[in-house]
Structure formats: structure tokens, C-alpha cells
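target.txt (compact mmCIF, N, CA and C atoms) appears below.
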# COMPACT_ATOMS: atom_id res chain seq x y z
N LEU A 253 -23.98 -16.15 -8.83
CA LEU A 253 -24.96 -15.10 -8.96
C LEU A 253 -24.39 -14.02 -9.86
N SER A 254 -25.25 -13.34 -10.57
CA SER A 254 -24.80 -12.28 -11.46
C SER A 254 -25.71 -11.06 -11.29
N ASN A 255 -25.08 -9.90 -11.16
CA ASN A 255 -25.80 -8.64 -11.01
C ASN A 255 -26.65 -8.60 -9.74
N TRP A 256 -26.02 -8.95 -8.63
CA TRP A 256 -26.68 -8.90 -7.32
C TRP A 256 -26.03 -7.80 -6.51
N TYR A 257 -26.86 -7.12 -5.72
CA TYR A 257 -26.39 -5.97 -4.95
C TYR A 257 -26.75 -6.15 -3.48
N VAL A 258 -26.35 -5.21 -2.64
CA VAL A 258 -26.47 -5.37 -1.19
C VAL A 258 -27.90 -5.70 -0.77
N ASP A 259 -28.89 -4.96 -1.24
CA ASP A 259 -30.28 -5.21 -0.83
C ASP A 259 -30.73 -6.63 -1.17
N GLU A 260 -30.46 -7.05 -2.40
CA GLU A 260 -30.87 -8.40 -2.82
C GLU A 260 -30.13 -9.47 -2.02
N LEU A 261 -28.84 -9.27 -1.81
CA LEU A 261 -28.05 -10.25 -1.07
C LEU A 261 -28.45 -10.30 0.40
N THR A 262 -28.76 -9.16 0.98
CA THR A 262 -29.20 -9.12 2.38
C THR A 262 -30.48 -9.91 2.57
N GLU A 263 -31.35 -9.86 1.60
CA GLU A 263 -32.60 -10.62 1.67
C GLU A 263 -32.39 -12.10 1.34
N PHE A 264 -31.54 -12.38 0.38
CA PHE A 264 -31.36 -13.74 -0.14
C PHE A 264 -30.49 -14.63 0.75
N LEU A 265 -29.35 -14.14 1.19
CA LEU A 265 -28.37 -14.99 1.87
C LEU A 265 -28.90 -15.69 3.13
N PRO A 266 -29.71 -15.05 3.97
CA PRO A 266 -30.22 -15.77 5.14
C PRO A 266 -31.14 -16.94 4.80
N GLN A 267 -31.61 -17.00 3.57
CA GLN A 267 -32.55 -18.05 3.16
C GLN A 267 -31.87 -19.30 2.60
N VAL A 268 -30.55 -19.25 2.41
CA VAL A 268 -29.87 -20.37 1.77
C VAL A 268 -29.02 -21.14 2.77
N THR A 269 -28.86 -22.42 2.51
CA THR A 269 -27.99 -23.23 3.37
C THR A 269 -26.60 -23.39 2.76
N ILE A 270 -26.49 -23.16 1.47
CA ILE A 270 -25.19 -23.21 0.79
C ILE A 270 -24.89 -21.80 0.28
N MET A 271 -23.79 -21.24 0.76
CA MET A 271 -23.40 -19.89 0.37
C MET A 271 -22.95 -19.88 -1.09
N PRO A 272 -23.36 -18.90 -1.86
CA PRO A 272 -22.87 -18.79 -3.24
C PRO A 272 -21.35 -18.69 -3.25
N ALA A 273 -20.73 -19.26 -4.26
CA ALA A 273 -19.27 -19.22 -4.37
C ALA A 273 -18.79 -17.92 -5.00
N LEU A 274 -19.62 -17.31 -5.84
CA LEU A 274 -19.17 -16.17 -6.63
C LEU A 274 -20.34 -15.26 -6.97
N VAL A 275 -20.05 -13.96 -6.96
CA VAL A 275 -21.00 -12.97 -7.48
C VAL A 275 -20.29 -12.21 -8.59
N GLN A 276 -20.94 -12.15 -9.73
CA GLN A 276 -20.37 -11.50 -10.91
C GLN A 276 -21.16 -10.23 -11.19
N ASN A 277 -20.47 -9.09 -11.14
CA ASN A 277 -21.09 -7.80 -11.41
C ASN A 277 -20.22 -6.99 -12.35
N GLU A 278 -20.82 -6.00 -12.99
CA GLU A 278 -20.04 -5.06 -13.80
C GLU A 278 -19.24 -4.17 -12.84
N ILE A 279 -17.93 -4.18 -12.99
CA ILE A 279 -17.07 -3.38 -12.12
C ILE A 279 -15.93 -2.83 -12.96
N HIS A 280 -15.76 -1.53 -12.91
CA HIS A 280 -14.64 -0.83 -13.54
C HIS A 280 -14.59 0.56 -12.92
N PRO A 281 -13.58 1.37 -13.22
CA PRO A 281 -13.47 2.67 -12.55
C PRO A 281 -14.69 3.58 -12.68
N TYR A 282 -15.50 3.40 -13.69
CA TYR A 282 -16.71 4.23 -13.81
C TYR A 282 -17.91 3.60 -13.11
N TYR A 283 -17.77 2.39 -12.65
CA TYR A 283 -18.83 1.64 -11.98
C TYR A 283 -18.15 0.81 -10.89
N GLN A 284 -17.76 1.48 -9.81
CA GLN A 284 -16.83 0.89 -8.85
C GLN A 284 -17.45 -0.08 -7.85
N GLU A 285 -18.74 -0.01 -7.64
CA GLU A 285 -19.40 -0.93 -6.70
C GLU A 285 -18.77 -0.84 -5.31
N GLN A 286 -18.60 0.38 -4.81
CA GLN A 286 -17.94 0.61 -3.52
C GLN A 286 -18.67 -0.04 -2.34
N ASP A 287 -19.97 -0.21 -2.43
CA ASP A 287 -20.71 -0.81 -1.32
C ASP A 287 -20.79 -2.33 -1.43
N VAL A 288 -21.06 -2.83 -2.62
CA VAL A 288 -21.33 -4.26 -2.75
C VAL A 288 -20.06 -5.11 -2.72
N VAL A 289 -18.94 -4.62 -3.24
CA VAL A 289 -17.71 -5.43 -3.25
C VAL A 289 -17.29 -5.82 -1.84
N PRO A 290 -17.11 -4.87 -0.91
CA PRO A 290 -16.72 -5.29 0.44
C PRO A 290 -17.79 -6.13 1.13
N PHE A 291 -19.05 -5.85 0.87
CA PHE A 291 -20.13 -6.63 1.46
C PHE A 291 -20.01 -8.10 1.06
N ILE A 292 -19.79 -8.33 -0.22
CA ILE A 292 -19.66 -9.70 -0.73
C ILE A 292 -18.40 -10.35 -0.17
N GLN A 293 -17.29 -9.64 -0.22
CA GLN A 293 -16.02 -10.19 0.25
C GLN A 293 -16.06 -10.53 1.74
N GLU A 294 -16.74 -9.72 2.54
CA GLU A 294 -16.86 -10.00 3.98
C GLU A 294 -17.62 -11.29 4.24
N LYS A 295 -18.42 -11.72 3.29
CA LYS A 295 -19.17 -12.97 3.42
C LYS A 295 -18.34 -14.17 2.94
N GLY A 296 -17.12 -13.91 2.47
CA GLY A 296 -16.27 -14.99 1.98
C GLY A 296 -16.63 -15.43 0.57
N ILE A 297 -17.34 -14.58 -0.15
CA ILE A 297 -17.76 -14.89 -1.51
C ILE A 297 -16.82 -14.18 -2.48
N VAL A 298 -16.44 -14.86 -3.54
CA VAL A 298 -15.56 -14.29 -4.56
C VAL A 298 -16.34 -13.27 -5.39
N VAL A 299 -15.69 -12.15 -5.69
CA VAL A 299 -16.26 -11.14 -6.57
C VAL A 299 -15.54 -11.24 -7.91
N GLN A 300 -16.30 -11.36 -8.98
CA GLN A 300 -15.73 -11.42 -10.33
C GLN A 300 -16.40 -10.33 -11.16
N CYS A 301 -15.58 -9.58 -11.88
CA CYS A 301 -16.17 -8.50 -12.68
C CYS A 301 -16.31 -8.91 -14.14
N TRP A 302 -17.44 -8.55 -14.69
CA TRP A 302 -17.61 -8.67 -16.13
C TRP A 302 -17.47 -7.26 -16.67
N TYR A 303 -17.04 -7.16 -17.89
CA TYR A 303 -16.72 -5.87 -18.51
C TYR A 303 -15.71 -5.08 -17.67
N PRO A 304 -14.59 -5.68 -17.29
CA PRO A 304 -13.62 -4.93 -16.48
C PRO A 304 -13.03 -3.73 -17.21
N LEU A 305 -13.15 -3.71 -18.53
CA LEU A 305 -12.58 -2.60 -19.30
C LEU A 305 -13.64 -1.66 -19.85
N GLY A 306 -14.80 -1.64 -19.23
CA GLY A 306 -15.76 -0.62 -19.62
C GLY A 306 -17.20 -1.04 -19.74
N GLY A 307 -17.48 -1.97 -20.60
CA GLY A 307 -18.86 -2.40 -20.77
C GLY A 307 -19.84 -1.25 -20.95
N ARG A 308 -21.06 -1.59 -21.26
CA ARG A 308 -22.15 -0.62 -21.44
C ARG A 308 -21.71 0.60 -22.24
N GLY A 309 -20.84 0.40 -23.21
CA GLY A 309 -20.43 1.47 -24.10
C GLY A 309 -19.36 2.39 -23.55
N HIS A 310 -18.71 2.01 -22.43
CA HIS A 310 -17.71 2.87 -21.81
C HIS A 310 -16.27 2.52 -22.16
N THR A 311 -16.03 1.49 -22.95
CA THR A 311 -14.66 1.01 -23.16
C THR A 311 -13.74 2.10 -23.71
N ALA A 312 -14.10 2.73 -24.80
CA ALA A 312 -13.23 3.76 -25.39
C ALA A 312 -13.04 4.93 -24.43
N GLU A 313 -14.11 5.33 -23.80
CA GLU A 313 -14.05 6.44 -22.84
C GLU A 313 -13.13 6.09 -21.66
N LEU A 314 -13.28 4.88 -21.15
CA LEU A 314 -12.49 4.44 -20.00
C LEU A 314 -11.02 4.30 -20.35
N LEU A 315 -10.72 3.66 -21.48
CA LEU A 315 -9.32 3.49 -21.87
C LEU A 315 -8.65 4.81 -22.22
N GLY A 316 -9.45 5.80 -22.61
CA GLY A 316 -8.91 7.12 -22.92
C GLY A 316 -8.98 8.10 -21.77
N ASP A 317 -9.47 7.66 -20.62
CA ASP A 317 -9.62 8.54 -19.46
C ASP A 317 -8.27 9.17 -19.09
N GLU A 318 -8.26 10.48 -18.91
CA GLU A 318 -7.01 11.21 -18.67
C GLU A 318 -6.29 10.74 -17.41
N THR A 319 -7.01 10.50 -16.34
CA THR A 319 -6.39 10.05 -15.09
C THR A 319 -5.78 8.67 -15.26
N ILE A 320 -6.54 7.77 -15.86
CA ILE A 320 -6.04 6.40 -16.07
C ILE A 320 -4.84 6.42 -17.00
N ARG A 321 -4.90 7.22 -18.06
CA ARG A 321 -3.77 7.31 -18.99
C ARG A 321 -2.53 7.87 -18.30
N SER A 322 -2.69 8.84 -17.42
CA SER A 322 -1.51 9.40 -16.75
C SER A 322 -0.89 8.39 -15.79
N ILE A 323 -1.71 7.59 -15.14
CA ILE A 323 -1.18 6.52 -14.28
C ILE A 323 -0.45 5.50 -15.14
N ALA A 324 -1.05 5.13 -16.26
CA ALA A 324 -0.43 4.16 -17.17
C ALA A 324 0.91 4.67 -17.67
N GLU A 325 0.96 5.92 -18.09
CA GLU A 325 2.22 6.49 -18.59
C GLU A 325 3.29 6.52 -17.50
N ALA A 326 2.90 6.84 -16.28
CA ALA A 326 3.85 6.89 -15.17
C ALA A 326 4.48 5.53 -14.88
N HIS A 327 3.75 4.46 -15.20
CA HIS A 327 4.24 3.11 -14.93
C HIS A 327 4.70 2.39 -16.19
N GLY A 328 4.58 3.03 -17.34
CA GLY A 328 5.01 2.41 -18.59
C GLY A 328 4.15 1.23 -19.01
N VAL A 329 2.85 1.32 -18.72
CA VAL A 329 1.92 0.24 -19.06
C VAL A 329 0.72 0.84 -19.79
N SER A 330 -0.20 0.00 -20.20
CA SER A 330 -1.40 0.48 -20.90
C SER A 330 -2.50 0.84 -19.90
N SER A 331 -3.47 1.58 -20.39
CA SER A 331 -4.64 1.90 -19.56
C SER A 331 -5.37 0.63 -19.14
N ALA A 332 -5.47 -0.33 -20.04
CA ALA A 332 -6.12 -1.60 -19.71
C ALA A 332 -5.40 -2.29 -18.56
N GLN A 333 -4.09 -2.29 -18.57
CA GLN A 333 -3.33 -2.92 -17.50
C GLN A 333 -3.57 -2.22 -16.16
N VAL A 334 -3.67 -0.91 -16.17
CA VAL A 334 -3.95 -0.17 -14.94
C VAL A 334 -5.31 -0.57 -14.38
N ILE A 335 -6.30 -0.65 -15.24
CA ILE A 335 -7.65 -0.99 -14.80
C ILE A 335 -7.71 -2.41 -14.25
N LEU A 336 -7.11 -3.35 -14.96
CA LEU A 336 -7.12 -4.75 -14.51
C LEU A 336 -6.36 -4.90 -13.20
N ARG A 337 -5.24 -4.22 -13.07
CA ARG A 337 -4.47 -4.29 -11.83
C ARG A 337 -5.25 -3.67 -10.68
N TRP A 338 -5.97 -2.59 -10.92
CA TRP A 338 -6.81 -1.94 -9.91
C TRP A 338 -7.84 -2.94 -9.37
N ASP A 339 -8.48 -3.67 -10.27
CA ASP A 339 -9.43 -4.69 -9.84
C ASP A 339 -8.74 -5.76 -9.00
N LEU A 340 -7.63 -6.27 -9.48
CA LEU A 340 -6.92 -7.32 -8.76
C LEU A 340 -6.49 -6.86 -7.38
N GLN A 341 -6.04 -5.62 -7.26
CA GLN A 341 -5.62 -5.11 -5.95
C GLN A 341 -6.80 -4.96 -5.00
N ARG A 342 -8.00 -4.91 -5.53
CA ARG A 342 -9.20 -4.88 -4.69
C ARG A 342 -9.70 -6.29 -4.38
N GLY A 343 -8.98 -7.30 -4.85
CA GLY A 343 -9.38 -8.68 -4.59
C GLY A 343 -10.48 -9.17 -5.50
N ILE A 344 -10.61 -8.55 -6.66
CA ILE A 344 -11.66 -8.89 -7.62
C ILE A 344 -11.06 -9.73 -8.74
N VAL A 345 -11.73 -10.81 -9.09
CA VAL A 345 -11.30 -11.67 -10.19
C VAL A 345 -11.67 -10.99 -11.51
N VAL A 346 -10.72 -10.93 -12.43
CA VAL A 346 -10.98 -10.33 -13.73
C VAL A 346 -10.84 -11.38 -14.83
N ILE A 347 -11.72 -11.29 -15.80
CA ILE A 347 -11.64 -12.16 -16.97
C ILE A 347 -11.81 -11.27 -18.20
N PRO A 348 -10.74 -10.60 -18.61
CA PRO A 348 -10.85 -9.76 -19.80
C PRO A 348 -10.86 -10.64 -21.04
N GLY A 349 -11.63 -10.25 -22.00
CA GLY A 349 -11.69 -11.02 -23.24
C GLY A 349 -10.91 -10.31 -24.34
N SER A 350 -10.23 -11.07 -25.15
CA SER A 350 -9.54 -10.51 -26.30
C SER A 350 -9.17 -11.63 -27.27
N SER A 351 -9.17 -11.30 -28.54
CA SER A 351 -8.68 -12.24 -29.54
C SER A 351 -7.37 -11.74 -30.13
N ASP A 352 -6.95 -10.56 -29.72
CA ASP A 352 -5.70 -9.95 -30.19
C ASP A 352 -4.54 -10.48 -29.35
N PRO A 353 -3.57 -11.17 -29.96
CA PRO A 353 -2.45 -11.74 -29.20
C PRO A 353 -1.70 -10.71 -28.35
N GLU A 354 -1.55 -9.49 -28.84
CA GLU A 354 -0.86 -8.45 -28.06
C GLU A 354 -1.66 -8.06 -26.82
N HIS A 355 -2.97 -7.97 -26.97
CA HIS A 355 -3.82 -7.63 -25.83
C HIS A 355 -3.82 -8.77 -24.81
N ILE A 356 -3.83 -10.00 -25.28
CA ILE A 356 -3.79 -11.15 -24.38
C ILE A 356 -2.50 -11.13 -23.58
N LYS A 357 -1.39 -10.89 -24.25
CA LYS A 357 -0.09 -10.81 -23.57
C LYS A 357 -0.10 -9.69 -22.54
N GLU A 358 -0.63 -8.55 -22.92
CA GLU A 358 -0.73 -7.39 -22.03
C GLU A 358 -1.59 -7.73 -20.81
N ASN A 359 -2.70 -8.42 -21.04
CA ASN A 359 -3.61 -8.78 -19.95
C ASN A 359 -2.96 -9.72 -18.94
N LEU A 360 -1.98 -10.49 -19.39
CA LEU A 360 -1.29 -11.41 -18.49
C LEU A 360 -0.15 -10.74 -17.73
N ASP A 361 0.31 -9.61 -18.21
CA ASP A 361 1.46 -8.93 -17.62
C ASP A 361 1.00 -7.82 -16.68
N LEU A 362 0.41 -8.20 -15.56
CA LEU A 362 -0.18 -7.23 -14.65
C LEU A 362 0.59 -7.06 -13.34
N PHE A 363 1.65 -7.82 -13.17
CA PHE A 363 2.29 -7.82 -11.86
C PHE A 363 3.67 -7.18 -11.85
N GLY A 364 4.04 -6.52 -12.94
CA GLY A 364 5.34 -5.86 -13.01
C GLY A 364 5.30 -4.42 -12.55
N PHE A 365 4.16 -3.98 -12.04
CA PHE A 365 4.03 -2.60 -11.55
C PHE A 365 2.99 -2.58 -10.43
N GLU A 366 2.99 -1.49 -9.68
CA GLU A 366 2.01 -1.36 -8.61
C GLU A 366 1.56 0.07 -8.50

File written out as C-alpha cells:
Amino acid sequence: LSNWYVDELTEFLPQVTIMPALVQNEIHPYYQEQDVVPFIQEKGIVVQCWYPLGGRGHTAELLGDETIRSIAEAHGVSSAQVILRWDLQRGIVVIPGSSDPEHIKENLDLFGFE
């Protein structure tokens, strides 16, 4: 499922005999989905975020966010790494896209800090 929220899931899930395996929603620090993420996870469904680094025109703003940058600087990592690690620590699957080899390497190096 993609772009499903608590109201839709509350109505839909009792009607199905096979539970969805995954719900994919836009999730990042500016769009945290504080209600739907735990709701989905409590049902044993995987949460996967699309646009983990901003989406909807927020990428530059998000990567330049002062709070995120200060956390990144404190840990010696990039803003993107902080955001991706934040998602992972919430139990959310991330699939960041990049064609830049340095960004790909950075996206894979998320477990050297907390």
C-alpha cells in the first residue's frame, strides 16, 4: 500500500484476509507521520518511506536544516546520514536514491554513529 493513513487503514484492514506486507508513505523530519507509523508497526506491517530526504520540494531545506546540521556536525556525518539513521532507528525501511557514488557510499555508512 502507498500513502495510507490511520483512518483508511482502520476501515480497510478488517475487510482483508491477507494483511498487507508493507505501507509506503512520505516520511522525513518535516513529515514525521507520528500517528500512522506506530499504528502500522503495531499491526506487524513494515513501514517504508519514500522521499526520506525531503520530497515535495523539501530536500534542500531539510538537508540545510540548522538542527539536523548541528547533529550531523556533532557526529561527523552528513545531514542525509542523520535523517536516514533517524528513520532506521524508528524501524522504518529507507530506500534513498542516488547516482552519485559518494552519496551511495554515504547512504550505506549509517551505523557508525548513534

Subject >> DSSP-assigned alpha helix (DSSP H) members of chain A, reported as number ranges by chain >> reply: A: 258-264, 288-294, 311-315, 318-327, 331-341, 353-360

Subject >> Selection near range 335-338 of chain A, 12 Å with only C-alpha atoms, sequence-local residues under 4 positions removed, as a ChimeraX atom specification >> reply: /A:279-284,300-306,311,314-317,319-321,323-324,327,329-331,342-349,358-366

Based on the backbone DSSP call, show me all residues of range 273-341 of chain A assigned strand (DSSP E), as a PDB file with N, CA and C atoms, in the frame of the given file.
ATOM      1  N   LEU A 274     -19.620 -17.310  -5.840  1.00  0.00           N
ATOM      2  CA  LEU A 274     -19.170 -16.170  -6.630  1.00  0.00           C
ATOM      3  C   LEU A 274     -20.340 -15.260  -6.970  1.00  0.00           C
ATOM      4  N   VAL A 275     -20.050 -13.960  -6.960  1.00  0.00           N
ATOM      5  CA  VAL A 275     -21.000 -12.970  -7.480  1.00  0.00           C
ATOM      6  C   VAL A 275     -20.290 -12.210  -8.590  1.00  0.00           C
ATOM      7  N   GLN A 276     -20.940 -12.150  -9.730  1.00  0.00           N
ATOM      8  CA  GLN A 276     -20.370 -11.500 -10.910  1.00  0.00           C
ATOM      9  C   GLN A 276     -21.160 -10.230 -11.190  1.00  0.00           C
ATOM     10  N   ASN A 277     -20.470  -9.090 -11.140  1.00  0.00           N
ATOM     11  CA  ASN A 277     -21.090  -7.800 -11.410  1.00  0.00           C
ATOM     12  C   ASN A 277     -20.220  -6.990 -12.350  1.00  0.00           C
ATOM     13  N   GLU A 278     -20.820  -6.000 -12.990  1.00  0.00           N
ATOM     14  CA  GLU A 278     -20.040  -5.060 -13.800  1.00  0.00           C
ATOM     15  C   GLU A 278     -19.240  -4.170 -12.840  1.00  0.00           C
ATOM     16  N   VAL A 298     -16.440 -14.860  -3.540  1.00  0.00           N
ATOM     17  CA  VAL A 298     -15.560 -14.290  -4.560  1.00  0.00           C
ATOM     18  C   VAL A 298     -16.340 -13.270  -5.390  1.00  0.00           C
ATOM     19  N   VAL A 299     -15.690 -12.150  -5.690  1.00  0.00           N
ATOM     20  CA  VAL A 299     -16.260 -11.140  -6.570  1.00  0.00           C
ATOM     21  C   VAL A 299     -15.540 -11.240  -7.910  1.00  0.00           C
ATOM     22  N   GLN A 300     -16.300 -11.360  -8.980  1.00  0.00           N
ATOM     23  CA  GLN A 300     -15.730 -11.420 -10.330  1.00  0.00           C
ATOM     24  C   GLN A 300     -16.400 -10.330 -11.160  1.00  0.00           C
ATOM     25  N   CYS A 301     -15.580  -9.580 -11.880  1.00  0.00           N
ATOM     26  CA  CYS A 301     -16.170  -8.500 -12.680  1.00  0.00           C
ATOM     27  C   CYS A 301     -16.310  -8.910 -14.140  1.00  0.00           C
ATOM     28  N   TRP A 302     -17.440  -8.550 -14.690  1.00  0.00           N
ATOM     29  CA  TRP A 302     -17.610  -8.670 -16.130  1.00  0.00           C
ATOM     30  C   TRP A 302     -17.470  -7.260 -16.670  1.00  0.00           C
TER      31      TRP A 302
END

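Going from atom C of Gln267 in chain A to CA of Lys295 in chain A covers 14.2 Å.
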
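For the pair CA of Ile297 in chain A and CA of Val275 in chain A, the separation is 7.1 Å.
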
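Take CA of Gly309 in chain A and atom N of Asn277 in chain A: the distance between them is 16.7 Å.
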
**OP:** Write out as a count of residues only the residues lying within 6 Å of range 253-256 of chain A, counting all atoms listed in the file and excluding same-chain residues fewer than 2 positions away.
**Re:** 7
